[in-house]
>>> print(open('start_10.txt').read())   # compact mmCIF, C-alpha atoms
# COMPACT_ATOMS: atom_id res chain seq x y z
CA MET A 5 -3.57 13.68 -27.99
CA LYS A 6 -2.73 15.67 -24.85
CA ARG A 7 -0.81 14.17 -21.94
CA VAL A 8 0.30 15.64 -18.62
CA PHE A 9 2.91 13.83 -16.52
CA LEU A 10 2.70 15.14 -12.95
CA ILE A 11 5.60 13.86 -10.82
CA VAL A 12 5.59 14.34 -7.06
CA LEU A 13 9.08 14.11 -5.54
CA ASP A 14 7.72 13.04 -2.18
CA SER A 15 8.93 15.45 0.57
CA PHE A 16 11.16 17.66 -1.63
CA GLY A 17 10.57 20.94 0.19
CA ILE A 18 12.50 24.11 -0.68
CA GLY A 19 12.37 26.08 2.56
CA GLU A 20 10.25 26.61 5.66
CA MET A 21 6.88 28.31 5.32
CA ARG A 22 6.09 31.34 7.47
CA ASP A 23 3.99 29.27 9.85
CA ALA A 24 6.50 26.41 10.14
CA ALA A 25 7.24 27.10 13.81
CA ALA A 26 3.59 26.41 14.65
CA TYR A 27 4.24 22.88 13.36
CA GLY A 28 7.38 22.47 15.42
CA ASP A 29 9.73 23.19 12.51
CA VAL A 30 12.48 25.81 12.89
CA ASN A 31 15.00 26.68 10.16
CA VAL A 32 14.08 23.68 8.02
CA ASN A 33 14.92 23.39 4.33
CA THR A 34 15.12 20.07 2.52
CA LEU A 35 16.78 21.48 -0.62
CA ARG A 36 19.37 23.36 1.43
CA ALA A 37 20.15 20.22 3.42
CA VAL A 38 20.82 18.05 0.37
CA SER A 39 22.76 20.86 -1.36
CA HIS A 40 25.53 20.31 1.21
CA SER A 41 26.02 16.71 0.08
CA PRO A 42 28.90 16.02 -2.30
CA PHE A 43 26.60 13.50 -4.01
CA LEU A 44 24.09 16.07 -5.27
CA GLN A 45 24.45 16.66 -9.02
CA ILE A 46 21.25 18.03 -10.58
CA PRO A 47 22.22 20.02 -13.70
CA ASN A 48 18.94 19.25 -15.49
CA LEU A 49 16.75 20.52 -12.64
CA GLN A 50 19.08 23.52 -12.47
CA LYS A 51 18.56 24.17 -16.19
CA MET A 52 14.79 23.94 -15.71
CA GLY A 53 15.07 26.70 -13.11
CA LEU A 54 14.99 25.02 -9.70
CA PHE A 55 17.53 27.48 -8.25
CA ASN A 56 15.66 30.45 -9.78
CA ILE A 57 12.52 29.80 -7.71
CA ASP A 58 11.55 32.43 -5.11
CA GLY A 59 13.31 31.96 -1.79
CA VAL A 60 15.87 29.41 -3.02
CA THR A 61 19.27 30.56 -1.79
CA VAL A 62 21.40 27.55 -2.68
CA GLY A 63 22.71 26.49 -6.07
CA GLU A 64 23.37 28.69 -9.07
CA PRO A 65 20.38 30.22 -10.87
CA VAL A 66 20.56 30.16 -14.66
CA ALA A 67 20.10 33.08 -17.04
CA ASP A 68 17.50 31.34 -19.20
CA HIS A 69 15.60 28.59 -17.39
CA THR A 70 13.70 26.15 -19.61
CA ALA A 71 10.61 25.59 -17.43
CA LEU A 72 7.79 27.65 -16.03
CA ILE A 73 8.61 27.90 -12.33
CA ALA A 74 6.85 28.85 -9.11
CA ARG A 75 7.05 28.41 -5.35
CA MET A 76 3.95 26.76 -3.90
CA VAL A 77 2.29 27.52 -0.56
CA GLU A 78 0.33 24.84 1.26
CA ARG A 79 -2.92 26.49 2.29
CA SER A 80 -4.23 23.46 4.18
CA ARG A 81 -3.35 22.84 7.79
CA GLY A 82 -0.91 20.00 7.80
CA LYS A 83 2.34 18.66 6.44
CA ASP A 84 1.57 15.08 5.52
CA THR A 85 1.24 13.04 2.38
CA THR A 86 -2.55 12.87 2.27
CA ILE A 87 -3.19 16.57 2.87
CA GLY A 88 -0.43 17.59 0.45
CA HIS A 89 -1.62 15.40 -2.42
CA TRP A 90 -5.27 16.26 -1.80
CA GLU A 91 -4.50 19.96 -2.02
CA ILE A 92 -2.47 19.48 -5.21
CA SER A 93 -5.65 17.93 -6.63
CA GLY A 94 -8.03 20.58 -5.32
CA ILE A 95 -9.11 19.65 -1.77
CA TYR A 96 -8.40 22.03 1.11
CA SER A 97 -8.10 20.67 4.63
CA ALA A 98 -9.13 23.43 7.03
CA ALA A 99 -8.29 21.25 10.04
CA PRO A 100 -5.38 18.85 10.37
CA LEU A 101 -6.11 15.14 10.30
CA PRO A 102 -6.01 13.57 13.79
CA THR A 103 -2.69 12.48 15.24
CA TYR A 104 -1.97 10.35 18.30
CA PRO A 105 1.23 11.34 20.14
CA GLU A 106 0.06 9.31 23.16
CA GLY A 107 -1.15 6.34 21.13
CA PHE A 108 -4.65 5.35 20.06
CA PRO A 109 -7.53 5.34 22.55
CA ARG A 110 -8.60 2.12 24.21
CA GLU A 111 -11.99 2.00 22.48
CA VAL A 112 -10.30 1.97 19.05
CA LEU A 113 -7.88 -0.81 19.97
CA ASP A 114 -10.52 -2.90 21.76
CA GLU A 115 -12.73 -2.85 18.67
CA PHE A 116 -9.75 -3.62 16.45
CA SER A 117 -8.69 -6.60 18.59
CA LYS A 118 -12.27 -7.88 18.80
CA ARG A 119 -12.62 -7.89 15.02
CA THR A 120 -9.16 -9.27 14.18
CA GLY A 121 -8.91 -11.75 17.06
CA ARG A 122 -5.38 -10.51 17.84
CA GLY A 123 -3.86 -8.42 20.59
CA VAL A 124 -1.90 -5.22 20.11
CA LEU A 125 1.73 -4.36 20.90
CA CYS A 126 3.41 -0.94 21.20
CA ASN A 127 0.63 1.63 20.46
CA LYS A 128 2.86 4.71 20.45
CA PRO A 129 4.77 6.86 17.95
CA TYR A 130 7.79 4.90 16.74
CA SER A 131 10.34 4.61 13.98
CA GLY A 132 9.19 1.95 11.53
CA THR A 133 12.53 0.14 11.50
CA LYS A 134 13.08 0.39 15.25
CA VAL A 135 9.60 -0.82 16.15
CA ILE A 136 10.12 -4.20 14.50
CA ALA A 137 13.55 -4.49 16.15
CA ASP A 138 12.04 -3.79 19.57
CA TYR A 139 8.76 -5.72 19.24
CA GLY A 140 9.49 -8.32 16.55
CA ASP A 141 10.38 -11.13 18.96
CA GLU A 142 7.27 -10.61 21.10
CA HIS A 143 5.11 -10.48 17.96
CA LEU A 144 6.54 -13.81 16.78
CA LYS A 145 5.94 -15.33 20.20
CA THR A 146 2.37 -14.08 20.76
CA GLY A 147 0.98 -13.32 17.29
CA ASP A 148 -0.10 -9.89 18.56
CA LEU A 149 0.01 -7.12 15.98
CA ILE A 150 2.50 -4.26 16.25
CA VAL A 151 0.43 -1.08 16.05
CA TYR A 152 2.23 2.26 15.99
CA THR A 153 1.94 5.79 14.64
CA SER A 154 4.11 8.86 13.97
CA ALA A 155 3.64 12.62 13.92
CA ASP A 156 1.58 12.00 10.78
CA SER A 157 -2.05 10.97 10.77
CA VAL A 158 -1.36 7.24 10.39
CA PHE A 159 -2.33 3.92 11.98
CA GLN A 160 0.43 1.47 11.06
CA ILE A 161 0.30 -2.29 11.51
CA ALA A 162 3.50 -4.31 11.34
CA ALA A 163 3.42 -8.10 11.13
CA HIS A 164 5.89 -10.83 10.19
CA GLU A 165 4.89 -12.47 6.92
CA SER A 166 5.24 -15.95 8.42
CA ILE A 167 2.72 -15.07 11.16
CA VAL A 168 0.35 -12.86 9.18
CA PRO A 169 0.49 -13.29 5.39
CA PRO A 170 0.29 -9.95 3.55
CA GLU A 171 -3.25 -10.55 2.27
CA THR A 172 -4.42 -11.20 5.84
CA LEU A 173 -2.59 -8.09 7.01
CA TYR A 174 -4.38 -6.10 4.31
CA GLU A 175 -7.71 -7.43 5.60
CA TYR A 176 -6.77 -6.28 9.12
CA CYS A 177 -6.00 -2.85 7.64
CA ARG A 178 -9.42 -2.76 5.97
CA ILE A 179 -10.97 -3.49 9.37
CA ALA A 180 -8.94 -0.66 10.93
CA ARG A 181 -9.98 1.65 8.10
CA GLU A 182 -13.67 0.93 8.83
CA ILE A 183 -13.12 1.69 12.52
CA LEU A 184 -11.05 4.84 11.97
CA GLN A 185 -13.68 7.23 10.69
CA GLY A 186 -15.15 10.49 12.01
CA GLU A 187 -13.14 11.95 14.89
CA HIS A 188 -10.58 9.15 14.53
CA GLY A 189 -10.43 9.37 10.74
CA VAL A 190 -6.66 9.17 10.25
CA GLY A 191 -5.32 9.93 6.81
CA ARG A 192 -3.88 6.48 6.23
CA VAL A 193 -3.89 2.97 7.62
CA ILE A 194 -0.63 1.36 6.52
CA ALA A 195 0.28 -2.34 6.28
CA ARG A 196 3.95 -2.84 7.19
CA PRO A 197 4.90 -6.49 6.56
CA PHE A 198 8.37 -7.59 7.59
CA GLU A 199 10.55 -10.69 7.60
CA GLY A 200 13.63 -12.13 9.31
CA PRO A 201 14.69 -14.95 11.66
CA VAL A 202 13.68 -15.16 15.31
CA GLY A 203 15.86 -12.71 17.18
CA GLY A 204 16.35 -10.58 14.07
CA PRO A 205 17.55 -8.72 12.26
CA TYR A 206 14.10 -7.91 10.85
CA THR A 207 13.59 -6.05 7.60
CA ARG A 208 10.47 -4.52 6.09
CA THR A 209 9.39 -6.04 2.80
CA SER A 210 8.19 -4.24 -0.33
CA ARG A 211 4.59 -5.37 0.23
CA ARG A 212 3.58 -2.23 2.10
CA HIS A 213 0.04 -1.07 1.31
CA ASP A 214 -1.81 2.13 2.25
CA PHE A 215 -5.54 2.43 2.95
CA SER A 216 -6.55 6.07 2.79
CA LEU A 217 -9.60 8.06 3.66
CA GLU A 218 -11.72 8.67 0.60
CA PRO A 219 -11.22 12.25 -0.62
CA THR A 220 -13.74 14.65 0.88
CA GLY A 221 -14.36 16.71 -2.26
CA ILE A 222 -14.05 16.95 -6.03
CA THR A 223 -10.52 16.54 -7.39
CA MET A 224 -8.89 17.20 -10.73
CA MET A 225 -8.93 13.42 -11.30
CA ASP A 226 -12.69 13.24 -10.79
CA GLN A 227 -13.22 15.99 -13.33
CA LEU A 228 -10.84 14.47 -15.87
CA LYS A 229 -12.45 11.06 -15.55
CA GLU A 230 -15.92 12.59 -15.90
CA GLN A 231 -14.87 14.15 -19.19
CA GLY A 232 -13.59 10.83 -20.53
CA TYR A 233 -9.87 11.41 -20.05
CA ASP A 234 -7.43 8.75 -18.86
CA VAL A 235 -6.23 9.17 -15.27
CA ILE A 236 -3.25 6.91 -14.64
CA SER A 237 -1.56 6.59 -11.26
CA VAL A 238 2.00 5.36 -10.67
CA GLY A 239 3.14 4.46 -7.17
CA LYS A 240 1.04 5.20 -4.10
CA ILE A 241 -1.24 7.78 -5.77
CA TYR A 242 -4.03 5.19 -6.04
CA ASP A 243 -3.87 4.54 -2.29
CA ILE A 244 -3.71 8.23 -1.33
CA PHE A 245 -7.01 8.84 -3.15
CA ALA A 246 -8.58 5.46 -2.31
CA GLY A 247 -8.83 4.86 -6.07
CA LYS A 248 -11.26 7.75 -6.56
CA GLY A 249 -11.07 9.36 -10.01
CA ILE A 250 -8.42 6.95 -11.31
CA THR A 251 -8.91 4.84 -14.44
CA GLU A 252 -5.68 2.82 -14.41
CA TYR A 253 -2.96 2.27 -11.83
CA VAL A 254 0.31 0.50 -11.18
CA TYR A 255 2.13 0.11 -7.86
CA THR A 256 5.89 0.47 -7.57
CA ALA A 257 8.46 -0.82 -5.08
CA ASN A 258 10.87 2.13 -5.26
CA ASN A 259 11.85 5.28 -7.12
CA GLY A 260 13.69 3.40 -9.83
CA GLU A 261 10.63 1.36 -10.69
CA GLY A 262 8.43 4.46 -10.53
CA ILE A 263 10.66 6.23 -13.06
CA GLU A 264 10.69 3.17 -15.33
CA ARG A 265 6.89 2.86 -15.24
CA THR A 266 6.68 6.57 -16.12
CA ILE A 267 8.98 6.03 -19.10
CA GLU A 268 6.80 3.10 -20.20
CA TYR A 269 3.71 5.34 -20.13
CA LEU A 270 5.58 7.99 -22.10
CA LYS A 271 5.90 5.36 -24.84
CA LYS A 272 2.17 4.54 -24.77
CA ASP A 273 -0.76 6.33 -26.32
CA PHE A 274 -3.28 7.81 -23.90
CA ASN A 275 -5.16 11.06 -23.53
CA GLY A 276 -5.09 12.60 -20.07
CA LEU A 277 -3.05 12.59 -16.87
CA CYS A 278 -0.29 10.33 -15.56
CA PHE A 279 0.12 11.14 -11.84
CA ILE A 280 3.34 9.78 -10.30
CA ASN A 281 4.64 9.61 -6.73
CA LEU A 282 8.32 8.86 -6.08
CA VAL A 283 8.31 7.95 -2.41
CA ASP A 284 11.92 7.03 -1.57
CA TYR A 285 12.98 10.62 -0.84
CA ASP A 286 10.55 10.65 2.07
CA MET A 287 10.41 7.05 3.21
CA LEU A 288 14.06 5.97 2.85
CA TYR A 289 15.99 9.21 3.25
CA GLY A 290 13.95 12.05 4.73
CA HIS A 291 12.52 10.23 7.75
CA ARG A 292 15.79 8.38 8.30
CA ARG A 293 17.69 11.68 8.18
CA ASP A 294 20.01 10.43 5.45
CA VAL A 295 21.26 13.52 3.64
CA ASP A 296 23.57 11.71 1.23
CA GLY A 297 20.98 9.07 0.39
CA TYR A 298 18.47 11.81 -0.40
CA ALA A 299 21.04 13.59 -2.58
CA LYS A 300 21.89 10.41 -4.48
CA ALA A 301 18.21 9.72 -5.15
CA LEU A 302 17.70 13.25 -6.52
CA THR A 303 20.81 12.86 -8.65
CA TYR A 304 19.41 9.64 -10.13
CA PHE A 305 16.12 11.35 -10.99
CA ASP A 306 18.03 14.21 -12.60
CA GLU A 307 20.04 11.73 -14.68
CA LYS A 308 16.78 10.25 -16.00
CA LEU A 309 15.23 13.62 -16.88
CA PRO A 310 16.80 13.85 -20.38
CA GLU A 311 15.32 10.45 -21.29
CA ILE A 312 11.92 11.48 -19.93
CA MET A 313 12.01 14.75 -21.88
CA SER A 314 13.17 13.09 -25.10
CA LEU A 315 10.03 10.92 -25.11
CA MET A 316 7.64 13.85 -24.75
CA GLY A 317 5.42 14.65 -27.70
CA PRO A 318 4.61 18.16 -28.97
CA GLU A 319 1.49 18.39 -26.76
CA ASP A 320 2.95 16.69 -23.67
CA ILE A 321 3.56 18.62 -20.46
CA LEU A 322 5.83 17.59 -17.59
CA MET A 323 5.12 18.94 -14.11
CA ILE A 324 7.44 18.38 -11.14
CA THR A 325 6.45 19.27 -7.57
CA ALA A 326 6.32 17.94 -3.99
CA ASP A 327 3.72 17.40 -1.26
CA HIS A 328 5.60 18.69 1.85
CA GLY A 329 9.15 18.74 3.20
CA CYS A 330 11.20 16.23 5.17
CA ASP A 331 14.49 17.94 5.92
CA PRO A 332 17.02 15.09 6.33
CA SER A 333 19.33 17.33 8.39
CA TYR A 334 16.68 18.36 10.94
CA LEU A 335 17.45 16.35 14.07
CA ALA A 336 14.78 17.76 16.41
CA THR A 337 12.39 15.18 14.95
CA THR A 338 12.28 12.52 12.23
CA ASP A 339 8.96 13.75 10.87
CA HIS A 340 7.87 15.81 7.88
CA THR A 341 8.67 19.51 7.81
CA ARG A 342 6.32 22.36 6.88
CA GLU A 343 7.87 23.80 3.70
CA TYR A 344 7.19 25.51 0.41
CA THR A 345 7.40 23.20 -2.59
CA PRO A 346 8.75 23.70 -6.11
CA PHE A 347 6.64 23.72 -9.25
CA LEU A 348 8.43 23.23 -12.58
CA VAL A 349 6.46 22.91 -15.81
CA TYR A 350 8.14 21.89 -19.06
CA GLY A 351 6.81 21.37 -22.57
CA LYS A 352 7.12 22.65 -26.12
CA LYS A 353 4.04 24.85 -25.57
CA VAL A 354 5.10 26.17 -22.17
CA GLN A 355 6.59 29.64 -21.75
CA PRO A 356 9.52 29.47 -19.27
CA VAL A 357 8.45 32.27 -16.94
CA ASN A 358 8.84 32.76 -13.19
CA LEU A 359 5.40 33.10 -11.56
CA GLY A 360 6.76 33.88 -8.10
CA THR A 361 4.90 32.44 -5.11
CA ARG A 362 1.46 30.88 -5.55
CA LYS A 363 -1.17 30.85 -2.82
CA THR A 364 -2.05 27.16 -2.88
CA PHE A 365 -0.94 23.76 -4.12
CA ALA A 366 -4.38 23.59 -5.78
CA ASP A 367 -3.10 25.82 -8.58
CA ILE A 368 -1.38 22.65 -9.84
CA GLY A 369 -4.65 20.74 -10.19
CA ALA A 370 -6.27 23.81 -11.71
CA SER A 371 -3.43 24.02 -14.26
CA VAL A 372 -3.89 20.39 -15.27
CA LEU A 373 -7.61 20.98 -15.85
CA GLN A 374 -6.94 24.27 -17.63
CA TYR A 375 -4.75 22.48 -20.16
CA PHE A 376 -7.63 20.15 -20.99
CA GLY A 377 -10.12 23.02 -21.20
CA ILE A 378 -11.94 22.09 -17.99
CA VAL A 379 -13.04 24.66 -15.40
CA PRO A 380 -12.03 23.45 -11.92
CA GLU A 381 -14.81 22.84 -9.39
CA PHE A 382 -12.49 23.94 -6.59
CA GLU A 383 -10.54 27.06 -5.64
CA GLY A 384 -7.39 27.25 -7.70
CA ASN A 385 -5.97 29.21 -10.61
CA GLY A 386 -4.23 27.73 -13.61
CA VAL A 387 -0.79 29.02 -14.53
CA PHE A 388 -1.14 28.95 -18.29
CA PRO A 389 -2.14 31.75 -20.67
CA ALA A 390 -5.54 31.30 -22.28
CA ASN A 391 -4.03 30.53 -25.70
CA LEU A 392 -1.99 27.53 -24.49
CA GLN A 393 -4.78 25.07 -25.36
>>> encode(input="start_10.txt", output="structure tokens")
Amino acid sequence: MKRVFLIVLDSFGIGEMRDAAAYGDVNVNTLRAVSHSPFLQIPNLQKMGLFNIDGVTVGEPVADHTALIARMVERSRGKDTTIGHWEISGIYSAAPLPTYPEGFPREVLDEFSKRTGRGVLCNKPYSGTKVIADYGDEHLKTGDLIVYTSADSVFQIAAHESIVPPETLYEYCRIAREILQGEHGVGRVIARPFEGPVGGPYTRTSRRHDFSLEPTGITMMDQLKEQGYDVISVGKIYDIFAGKGITEYVYTANNGEGIERTIEYLKKDFNGLCFINLVDYDMLYGHRRDVDGYAKALTYFDEKLPEIMSLMGPEDILMITADHGCDPSYLATTDHTREYTPFLVYGKKVQPVNLGTRKTFADIGASVLQYFGIVPEFEGNGVFPANLQ
């Protein structure tokens, strides 16, 4: 029985890529930012070799790291969740997904209002917590939906649960997803339910739900599923890939639950991939520019690593990576940052070597397939020697 546990620490970048300035990012580095926090204690990631990775200039490298390590380059054009995860799994995005810094065009909103029977408020880039503070009262008064975006390719709909129950909000998101195709094919439509008394304060609930574009090509999950392997998703992975190539999934409310679900799967028998996204680094700390919160969340993950590793069998492999950066100290914007990502691979069969800088995130998906003896149907090179299988 072979199992791969692929954990994405959402937004854990390790330094700006060469083309970062073209994305509006100058001198960004998520790892460097959190390294300045007194709350960062990650001795287990250090032992694996995090500080030995190419280009990492913070922390103390170790003489004998325990994991295979590499620095990953994002070949696709973008710095968002969808493009990052798709490339990890084998899909290149030659063009960025559409964004709407001036809001969505009238024809999109008119069709959306016609099909939902509700008006639209806001329609501009906005902080998710501030938008409900600024528009929550008017939404409660009129029943109009709060529609907003960010620098990412997203169409977000916020609604109070007493006005629009979550299941109804999800239906509105499905309508938006049908409309937003082709030239307006945003990466994700996101339901953002919230609650609170009239006049506030309003708080977002845990019943967020993402409705993604269906992947545009073959992924590692498709190939694994085709060959009869289990493909289990934990967290928002199922939504990012619109369920494509996944055989079993579980949603999570936060990082803690995501880690616990991962530990539960470590205790179960299955043959294949468990693909995990831990979103709090991005959603709660990166975008909100909370350096200490980010550091504390990484520290918690590091504290759980020994338990995760102790449950691994002789043929299990643990992979840790990220999908983009979100430097919590970068105040020019609250958006993602264009960064290299780490790749750490641990297992009894894995040689702890430093593979330098890889040319694409897709080498991760290719490595997963390589371990199961499957030739990838996308451009990507596995990191393992031929005799690992």
>>> closest_residue(input="start_10.txt", among="A:Tyr96, A:Phe198, A:Phe388, A:Trp90", to="His143 of chain A", atoms="only C-alpha atoms")
A:Phe198
>>> closest_residue(input="start_10.txt", among="A:Gly369, A:Gly351, A:Pro169, A:Gly94", to="Phe382 of chain A", atoms="all atoms listed in the file")
A:Gly94
>>> closest_residue(input="start_10.txt", among="A:Val60, A:Cys126, A:Ile280, A:Ala301", to="His89 of chain A", atoms="all atoms listed in the file")
A:Ile280
>>> residues_around(input="start_10.txt", residues="segment 61-67 of chain A", least_positions_apart="3", cutoff="9 Å", atoms="all atoms listed in the file", output="VMD selection string")
chain A and resid 35 to 36 39 50 to 58
>>> residues_around(input="start_10.txt", residues="segment 228-230 of chain A", least_positions_apart="4", cutoff="10 Å", atoms="all atoms listed in the file", output="PDB file with C-alpha atoms, keeping the file's coordinate frame")
ATOM      1  CA  THR A 223     -10.520  16.540  -7.390  1.00  0.00           C
ATOM      2  CA  MET A 224      -8.890  17.200 -10.730  1.00  0.00           C
ATOM      3  CA  ASP A 234      -7.430   8.750 -18.860  1.00  0.00           C
ATOM      4  CA  VAL A 235      -6.230   9.170 -15.270  1.00  0.00           C
ATOM      5  CA  LYS A 248     -11.260   7.750  -6.560  1.00  0.00           C
ATOM      6  CA  GLY A 249     -11.070   9.360 -10.010  1.00  0.00           C
ATOM      7  CA  ILE A 250      -8.420   6.950 -11.310  1.00  0.00           C
ATOM      8  CA  THR A 251      -8.910   4.840 -14.440  1.00  0.00           C
ATOM      9  CA  GLY A 276      -5.090  12.600 -20.070  1.00  0.00           C
ATOM     10  CA  LEU A 277      -3.050  12.590 -16.870  1.00  0.00           C
ATOM     11  CA  VAL A 372      -3.890  20.390 -15.270  1.00  0.00           C
ATOM     12  CA  LEU A 373      -7.610  20.980 -15.850  1.00  0.00           C
ATOM     13  CA  PHE A 376      -7.630  20.150 -20.990  1.00  0.00           C
ATOM     14  CA  ILE A 378     -11.940  22.090 -17.990  1.00  0.00           C
ATOM     15  CA  PRO A 380     -12.030  23.450 -11.920  1.00  0.00           C
TER      16      PRO A 380
END
>>> atom_distance(input="start_10.txt", atom1="atom CA of Tyr350 of chain A", atom2="atom CA of Leu322 of chain A")
5.1 Å
>>> atom_distance(input="start_10.txt", atom1="atom CA of Arg292 of chain A", atom2="atom CA of Tyr344 of chain A")
20.7 Å
>>> residues_around(input="start_10.txt", residues="Ala26 of chain A", least_positions_apart="5", cutoff="12 Å", atoms="all atoms listed in the file", output="count of residues only")
7
>>> closest_residue(input="start_10.txt", among="A:Thr120, A:Asn33, A:Ser216, A:Ser41", to="Gly297 of chain A", atoms="only C-alpha atoms")
A:Ser41
>>> residues_around(input="start_10.txt", residues="segment 107-119 of chain A", least_positions_apart="3", cutoff="10 Å", atoms="only C-alpha atoms", output="PyMOL selection string")
chain A and resi 103-104+122-124+126-129+148-149+151-154+159+176-177+179-184+188
